[in-house]
>>> print(open('start35.cif').read())   # mmCIF, C-alpha atoms and all ligand atoms
data_structure
#
loop_
_atom_site.label_atom_id
_atom_site.label_comp_id
_atom_site.auth_asym_id
_atom_site.auth_seq_id
_atom_site.Cartn_x
_atom_site.Cartn_y
_atom_site.Cartn_z
CA MET C 1136 291.36 94.78 134.37
CA ASP C 1137 292.06 94.64 138.09
CA VAL C 1138 290.41 92.85 141.00
CA SER C 1139 287.67 95.49 141.26
CA GLU C 1140 286.45 94.47 137.76
CA LEU C 1141 287.32 90.79 137.87
CA PRO C 1142 284.21 88.87 136.73
CA LEU C 1143 282.75 86.67 139.47
CA VAL C 1144 281.39 83.87 137.31
CA GLY C 1145 282.11 80.79 139.46
CA GLY C 1146 278.63 80.65 140.95
CA HIS C 1147 280.21 80.00 144.35
CA PRO C 1148 282.70 82.16 146.29
CA ALA C 1149 285.17 79.27 146.52
CA LEU C 1150 285.21 78.99 142.73
CA ASP C 1151 285.52 82.74 142.38
CA LEU C 1152 288.62 82.43 144.57
CA VAL C 1153 290.06 79.77 142.24
CA ASN C 1154 289.40 82.18 139.37
CA THR C 1155 291.49 84.98 140.88
CA LEU C 1156 294.47 83.44 139.08
CA GLU C 1157 294.69 83.14 135.31
CA ARG C 1158 294.42 79.49 134.36
CA GLY C 1159 294.93 77.92 131.01
CA VAL C 1160 297.60 76.08 129.10
CA PRO C 1161 301.08 76.91 130.37
CA ALA C 1162 303.26 78.32 127.59
CA PRO C 1163 306.97 79.21 127.70
CA GLY C 1164 307.46 82.67 129.19
CA TRP C 1165 303.83 82.98 130.26
CA LYS C 1166 303.28 83.91 133.87
CA PRO C 1167 299.64 83.67 134.92
CA ARG C 1168 298.30 86.89 136.38
CA ASP C 1169 297.34 86.78 140.03
CA TYR C 1170 294.52 89.24 140.77
CA VAL C 1171 295.00 88.88 144.53
CA SER C 1172 298.77 89.29 144.81
CA THR C 1173 298.63 91.72 147.74
CA PRO C 1174 296.71 91.76 151.05
CA ALA C 1175 294.75 94.81 149.83
CA THR C 1176 293.58 93.11 146.63
CA LEU C 1177 292.66 89.94 148.56
CA LEU C 1178 290.58 92.06 150.93
CA LEU C 1179 288.85 93.84 148.06
CA TRP C 1180 288.08 90.52 146.41
CA ALA C 1181 286.72 89.01 149.67
CA ARG C 1182 284.35 91.95 150.03
CA ARG C 1183 283.20 91.67 146.40
CA ALA C 1184 282.67 87.90 146.75
CA GLU C 1185 280.67 88.61 149.93
CA LEU C 1186 282.85 86.41 152.10
CA ILE C 1187 282.95 89.33 154.53
CA THR C 1188 280.74 92.31 155.28
CA GLU C 1189 281.73 95.93 154.84
CA ALA C 1190 282.15 96.29 158.64
CA GLU C 1191 284.32 93.16 158.75
CA ALA C 1192 286.46 94.49 155.89
CA THR C 1193 287.17 97.60 157.96
CA THR C 1194 288.15 95.48 160.99
CA VAL C 1195 290.44 93.31 158.85
CA ALA C 1196 292.07 96.35 157.24
CA GLU C 1197 292.77 97.83 160.69
CA ALA C 1198 294.22 94.53 161.98
CA TRP C 1199 296.44 94.22 158.91
CA GLU C 1200 297.61 97.81 159.21
CA ARG C 1201 298.70 97.15 162.79
CA ASP C 1202 300.41 93.89 161.82
CA PRO C 1203 301.72 93.72 158.22
CA ASP C 1204 303.21 90.26 158.87
CA ALA C 1205 299.74 88.95 159.71
CA ALA C 1206 298.46 90.51 156.48
CA HIS C 1207 301.06 88.64 154.45
CA ALA C 1208 300.38 85.41 156.33
CA ALA C 1209 296.68 85.80 155.51
CA LEU C 1210 297.52 86.38 151.86
CA ALA C 1211 299.75 83.29 151.75
CA ALA C 1212 296.99 81.25 153.43
CA GLY C 1213 294.38 82.53 150.96
CA GLN C 1214 296.56 81.62 147.99
CA ASP C 1215 297.34 78.20 149.50
CA ILE C 1216 293.62 77.49 149.99
CA ARG C 1217 292.97 78.61 146.41
CA GLU C 1218 295.64 76.40 144.85
CA SER C 1219 294.75 73.41 147.06
CA LEU C 1220 291.11 73.67 146.07
CA HIS C 1221 292.06 73.99 142.40
CA LEU C 1222 294.15 70.80 142.53
CA ILE C 1223 291.40 68.90 144.33
CA LEU C 1224 288.85 70.01 141.73
CA LEU C 1225 291.14 69.08 138.83
CA ALA C 1226 291.31 65.56 140.25
CA THR C 1227 287.54 65.15 140.25
CA ALA C 1228 286.26 63.04 137.42
CA ALA C 1229 283.77 65.67 136.34
CA LEU C 1230 286.43 68.08 135.10
CA ASP C 1231 287.95 65.46 132.84
CA VAL C 1232 291.48 66.85 133.02
CA ALA C 1233 294.03 64.20 132.14
CA PRO C 1234 296.34 63.05 133.55
CA ILE C 1235 295.00 63.36 137.10
CA ASP C 1236 297.79 63.89 139.61
CA VAL C 1237 296.57 61.77 142.55
CA ALA C 1238 299.57 62.51 144.79
CA ALA C 1239 299.30 66.29 144.29
CA SER C 1240 295.57 66.22 144.92
CA SER C 1241 295.98 64.17 148.09
CA ALA C 1242 298.65 66.57 149.40
CA ALA C 1243 296.33 69.46 148.54
CA LEU C 1244 293.55 67.86 150.56
CA ASP C 1245 295.91 67.56 153.55
CA ARG C 1246 296.79 71.25 153.24
CA LEU C 1247 293.13 72.23 153.04
CA HIS C 1248 292.43 70.08 156.10
CA CYS C 1249 295.14 71.91 158.07
CA ARG C 1250 293.77 75.30 157.02
CA TRP C 1251 290.31 74.20 158.07
CA LEU C 1252 291.54 72.94 161.48
CA ALA C 1253 293.13 76.34 162.11
CA ALA C 1254 289.94 78.12 161.02
CA ALA C 1255 287.82 75.87 163.27
CA GLY C 1256 289.98 76.96 166.20
CA ARG C 1257 289.02 80.55 165.41
CA SER C 1258 285.29 79.80 165.14
CA ARG C 1259 282.48 79.50 167.62
CA LEU C 1260 279.23 77.57 167.92
CA THR C 1261 276.52 79.98 169.01
CA PRO C 1262 272.92 79.20 169.97
CA ASP C 1263 270.58 80.68 167.40
CA PRO C 1264 267.29 81.17 169.27
CA ARG C 1265 265.64 83.09 166.44
CA GLY C 1266 267.06 81.00 163.62
CA ALA C 1267 265.63 77.95 161.88
CA SER C 1268 268.32 75.73 163.41
CA ALA C 1269 269.59 75.34 166.98
CA LEU C 1270 273.17 76.44 166.38
CA ARG C 1271 275.09 78.80 164.19
CA LEU C 1272 278.75 78.39 163.31
CA VAL C 1273 280.50 81.74 163.39
CA VAL C 1274 283.69 81.35 161.37
CA GLY C 1275 286.57 83.76 161.89
CA LEU C 1276 286.88 85.27 165.36
CA VAL C 1277 290.31 86.73 164.67
CA PRO C 1278 290.18 89.69 162.24
CA ALA C 1279 293.72 89.19 160.90
CA SER C 1280 292.83 85.63 159.73
CA LEU C 1281 289.19 86.29 158.87
CA VAL C 1282 289.62 86.23 155.07
CA PRO C 1283 291.46 82.87 154.79
CA ASP C 1284 289.18 81.38 157.45
CA ARG C 1285 286.08 82.32 155.49
CA ALA C 1286 287.79 81.14 152.28
CA VAL C 1287 288.50 77.65 153.63
CA ASP C 1288 284.97 77.49 155.02
CA ALA C 1289 283.66 78.32 151.53
CA ALA C 1290 285.97 75.71 149.96
CA LEU C 1291 284.64 73.01 152.28
CA ASP C 1292 281.08 74.10 151.66
CA LEU C 1293 281.67 73.69 147.92
CA LEU C 1294 283.39 70.32 148.22
CA ARG C 1295 280.83 68.93 150.64
CA THR C 1296 277.57 70.27 149.29
CA ALA C 1297 277.88 71.26 145.61
CA ASP C 1298 276.78 68.85 142.88
CA ILE C 1299 280.25 67.93 141.62
CA GLY C 1300 278.78 66.81 138.30
CA ARG C 1301 277.93 70.46 137.67
CA VAL C 1302 281.41 71.81 138.36
CA ARG C 1303 282.92 72.64 134.98
CA ARG C 1304 286.10 74.07 133.57
CA CYS C 1305 286.10 76.62 130.76
CA PRO C 1306 287.60 74.32 128.06
CA THR C 1307 291.23 75.26 127.40
CA GLU C 1308 291.41 72.56 124.70
CA SER C 1309 288.83 74.60 122.75
CA GLY C 1310 290.39 77.98 123.52
CA GLY C 1311 288.64 78.62 126.85
CA CYS C 1312 290.42 80.13 129.84
CA GLY C 1313 290.43 77.25 132.35
CA TRP C 1314 288.37 79.04 134.98
CA ILE C 1315 286.06 76.83 136.98
CA PHE C 1316 282.36 77.40 137.50
CA LEU C 1317 279.21 75.78 138.78
CA ASP C 1318 276.82 75.12 135.92
CA ARG C 1319 273.42 76.17 137.20
CA SER C 1320 271.75 76.16 133.77
CA ARG C 1321 268.52 74.16 133.65
CA ASN C 1322 269.76 71.59 131.11
CA ALA C 1323 273.36 71.54 132.44
CA SER C 1324 274.71 72.79 129.11
CA ARG C 1325 276.90 75.74 130.11
CA ARG C 1326 280.26 75.42 128.41
CA TRP C 1327 282.06 78.73 128.86
CA CYS C 1328 282.82 80.70 131.99
CA ARG C 1329 281.67 83.84 130.19
CA MET C 1330 279.99 83.57 126.82
CA ALA C 1331 280.70 87.27 126.25
CA ASP C 1332 284.45 86.69 126.58
CA CYS C 1333 285.64 83.10 126.17
CA GLY C 1334 282.73 81.80 124.06
CA THR C 1335 282.70 84.76 121.66
CA GLU C 1336 286.49 84.87 121.40
CA VAL C 1337 286.64 81.20 120.43
CA LYS C 1338 283.87 81.62 117.86
CA ALA C 1339 285.65 84.63 116.34
CA ARG C 1340 288.92 82.72 116.15
CA ARG C 1341 287.21 79.77 114.44
CA LEU C 1342 285.64 82.10 111.90
CA THR C 1343 289.05 83.67 111.13
CA GLU C 1344 290.56 80.20 110.70
CA ARG C 1345 287.75 79.13 108.38
CA ARG C 1346 288.15 82.29 106.29
CA ARG C 1347 291.90 81.82 106.10
CA ALA C 1348 291.42 78.20 104.98
CA ALA C 1349 288.89 79.33 102.39
CA ARG C 1350 291.31 81.99 101.09
CA GLN C 1351 294.12 79.46 100.86
CA ALA C 1352 291.84 77.06 99.00
CA THR C 1353 290.91 79.82 96.52
CA SER C 1354 294.53 80.87 95.93
CA ALA C 1355 295.52 77.23 95.43
CA GLU C 1356 292.89 76.93 92.74
CA SER C 1357 293.99 80.01 90.78
ZN ZN Z 1401 286.61 81.15 130.23
#
>>> encode(input="start35.cif", output="structure tokens", more="lines below")
Ligand SMILES: [Zn+2]
Amino acid sequence: MDVSELPLVGGHPALDLVNTLERGVPAPGWKPRDYVSTPATLLLWARRAELITEAEATTVAEAWERDPDAAHAALAAGQDIRESLHLILLATAALDVAPIDVAASSAALDRLHCRWLAAAGRSRLTPDPRGASALRLVVGLVPASLVPDRAVDAALDLLRTADIGRVRRCPTESGGCGWIFLDRSRNASRRWCRMADCGTEVKARRLTERRRAARQATSAES
């Protein structure tokens, strides 16, 4: 699976960004896969997550082609926003991840703030005569930084407006993958990021374990 097939299950683009890196329980020798490890994959993801339009993607690609350093700076910024947001979310009570690293989460919030300040400097308030409100905030006036600017805008939107009690983590302690998602189910009962993958996989594993236990019990009897 590559970024073009990566499931977008977060329910919010900022959470889909968090889920571009494999999460889960760190094990010796395991290196989590990063689905946006190059500027090109980050751009593809941003288009799929609808952070940018098709026309904007073309403008970004052209800017990055002219200035590869800017492309790599945008990638580093995108990954920094992603990891900062992840740490901040892990420190929220709703995710119930112990122990909460308060210092790391506070440093992450500072980093996110800096990214947002930079993005605000590349944004503009525009009168919106035909809109429902007086003003529109256009985020990302500089193509080379458009993707991280939209990403930090999405992160702030999530942190400021989403019902944090509905932000969940696919339970690694029960075999889930650690991805984060917004539970929009009516009775707030969603447990897995993807029932078809994580939920089914865990159920299958439990069944195998039960069968193995049953076999061992039978062989112990005979
Ligand atoms: Zn999962």
>>> closest_residue(input="start35.cif", among="C:Ala1331, C:Leu1260, C:Cys1312, C:Leu1317", to="ligand ZN 1401 (chain Z)", atoms="all atoms listed in the file")
C:Cys1312
>>> residues_around(input="start35.cif", residues="Glu1218 in chain C", least_positions_apart="6", cutoff="12 Å", atoms="only C-alpha atoms", output="ChimeraX atom specification")
/C:1149-1150,1152-1158,1169,1211-1212,1224-1225,1239-1240,1242-1244,1246-1247,1286-1287,1290
>>> residues_near_ligand(input="start35.cif", ligand="ligand ZN 1401 (chain Z)", cutoff="6 Å", atoms="all atoms listed in the file", output="VMD selection string")
chain C and resid 1305 1311 to 1314 1327 to 1329 1333
>>> write_last_selection(input="start35.cif", atoms="C-alpha atoms", output="PDB file, in the frame of the given file")
ATOM      1  CA  CYS C1305     286.100  76.620 130.760  1.00  0.00           C
ATOM      2  CA  GLY C1311     288.640  78.620 126.850  1.00  0.00           C
ATOM      3  CA  CYS C1312     290.420  80.130 129.840  1.00  0.00           C
ATOM      4  CA  GLY C1313     290.430  77.250 132.350  1.00  0.00           C
ATOM      5  CA  TRP C1314     288.370  79.040 134.980  1.00  0.00           C
ATOM      6  CA  TRP C1327     282.060  78.730 128.860  1.00  0.00           C
ATOM      7  CA  CYS C1328     282.820  80.700 131.990  1.00  0.00           C
ATOM      8  CA  ARG C1329     281.670  83.840 130.190  1.00  0.00           C
ATOM      9  CA  CYS C1333     285.640  83.100 126.170  1.00  0.00           C
TER      10      CYS C1333
END
>>> residues_around(input="start35.cif", residues="Pro1278 in chain C", least_positions_apart="4", cutoff="10 Å", atoms="only C-alpha atoms", output="MDAnalysis selection string")
chainID C and resid 1191:1199 1205 1257 1282 1284
>>> atom_distance(input="start35.cif", atom1="CA of Val1171 in chain C", atom2="CA of Val1277 in chain C")
20.8 Å
>>> atom_distance(input="start35.cif", atom1="CA of Val1302 in chain C", atom2="CA of Leu1186 in chain C")
20.1 Å
>>> closest_residue(input="start35.cif", among="C:Ile1187, C:Ala1339, C:Ala1349, C:Leu1210", to="Val1273 in chain C", atoms="all atoms listed in the file")
C:Ile1187
>>> closest_residue(input="start35.cif", among="C:Thr1343, C:Ser1354, C:Ser1139, C:Asn1322", to="Tyr1170 in chain C", atoms="all atoms listed in the file")
C:Ser1139
>>> atom_distance(input="start35.cif", atom1="CA of Gly1213 in chain C", atom2="CA of Pro1283 in chain C")
4.8 Å
>>> residues_near_point(input="start35.cif", point="(290.3, 65.9, 130.6)", cutoff="12 Å", atoms="only C-alpha atoms", output="ChimeraX atom specification")
/C:1224-1236,1303-1309,1313
>>> write_last_selection(input="start35.cif", atoms="C-alpha atoms", output="JSON list (two decimals), in the frame of the given file")
[["chain", "number", "residue", "atom", "x", "y", "z"],
["C", 1224, "LEU", "CA", 288.85, 70.01, 141.73],
["C", 1225, "LEU", "CA", 291.14, 69.08, 138.83],
["C", 1226, "ALA", "CA", 291.31, 65.56, 140.25],
["C", 1227, "THR", "CA", 287.54, 65.15, 140.25],
["C", 1228, "ALA", "CA", 286.26, 63.04, 137.42],
["C", 1229, "ALA", "CA", 283.77, 65.67, 136.34],
["C", 1230, "LEU", "CA", 286.43, 68.08, 135.10],
["C", 1231, "ASP", "CA", 287.95, 65.46, 132.84],
["C", 1232, "VAL", "CA", 291.48, 66.85, 133.02],
["C", 1233, "ALA", "CA", 294.03, 64.20, 132.14],
["C", 1234, "PRO", "CA", 296.34, 63.05, 133.55],
["C", 1235, "ILE", "CA", 295.00, 63.36, 137.10],
["C", 1236, "ASP", "CA", 297.79, 63.89, 139.61],
["C", 1303, "ARG", "CA", 282.92, 72.64, 134.98],
["C", 1304, "ARG", "CA", 286.10, 74.07, 133.57],
["C", 1305, "CYS", "CA", 286.10, 76.62, 130.76],
["C", 1306, "PRO", "CA", 287.60, 74.32, 128.06],
["C", 1307, "THR", "CA", 291.23, 75.26, 127.40],
["C", 1308, "GLU", "CA", 291.41, 72.56, 124.70],
["C", 1309, "SER", "CA", 288.83, 74.60, 122.75],
["C", 1313, "GLY", "CA", 290.43, 77.25, 132.35]]
>>> residues_around(input="start35.cif", residues="Leu1270 in chain C", least_positions_apart="4", cutoff="12 Å", atoms="all atoms listed in the file", output="mmCIF file with C-alpha atoms, in the frame of the given file")
data_model
loop_
_atom_site.group_PDB
_atom_site.id
_atom_site.type_symbol
_atom_site.label_atom_id
_atom_site.label_comp_id
_atom_site.auth_asym_id
_atom_site.auth_seq_id
_atom_site.Cartn_x
_atom_site.Cartn_y
_atom_site.Cartn_z
ATOM 1 C CA ARG C 1259 282.480 79.500 167.620
ATOM 2 C CA LEU C 1260 279.230 77.570 167.920
ATOM 3 C CA THR C 1261 276.520 79.980 169.010
ATOM 4 C CA PRO C 1262 272.920 79.200 169.970
ATOM 5 C CA ASP C 1263 270.580 80.680 167.400
ATOM 6 C CA PRO C 1264 267.290 81.170 169.270
ATOM 7 C CA ARG C 1265 265.640 83.090 166.440
ATOM 8 C CA GLY C 1266 267.060 81.000 163.620
#
>>> closest_residue(input="start35.cif", among="C:Phe1316, C:Ala1209, C:Ser1324, C:His1147", to="Leu1178 in chain C", atoms="all atoms listed in the file")
C:Ala1209
>>> closest_residue(input="start35.cif", among="C:Ala1238, C:Ile1315, C:Ile1223, C:Leu1177", to="Leu1294 in chain C", atoms="all atoms listed in the file")
C:Ile1223
>>> closest_residue(input="start35.cif", among="C:Ala1352, C:Arg1285, C:Arg1319, C:Ala1190", to="Ile1299 in chain C", atoms="all atoms listed in the file")
C:Arg1319
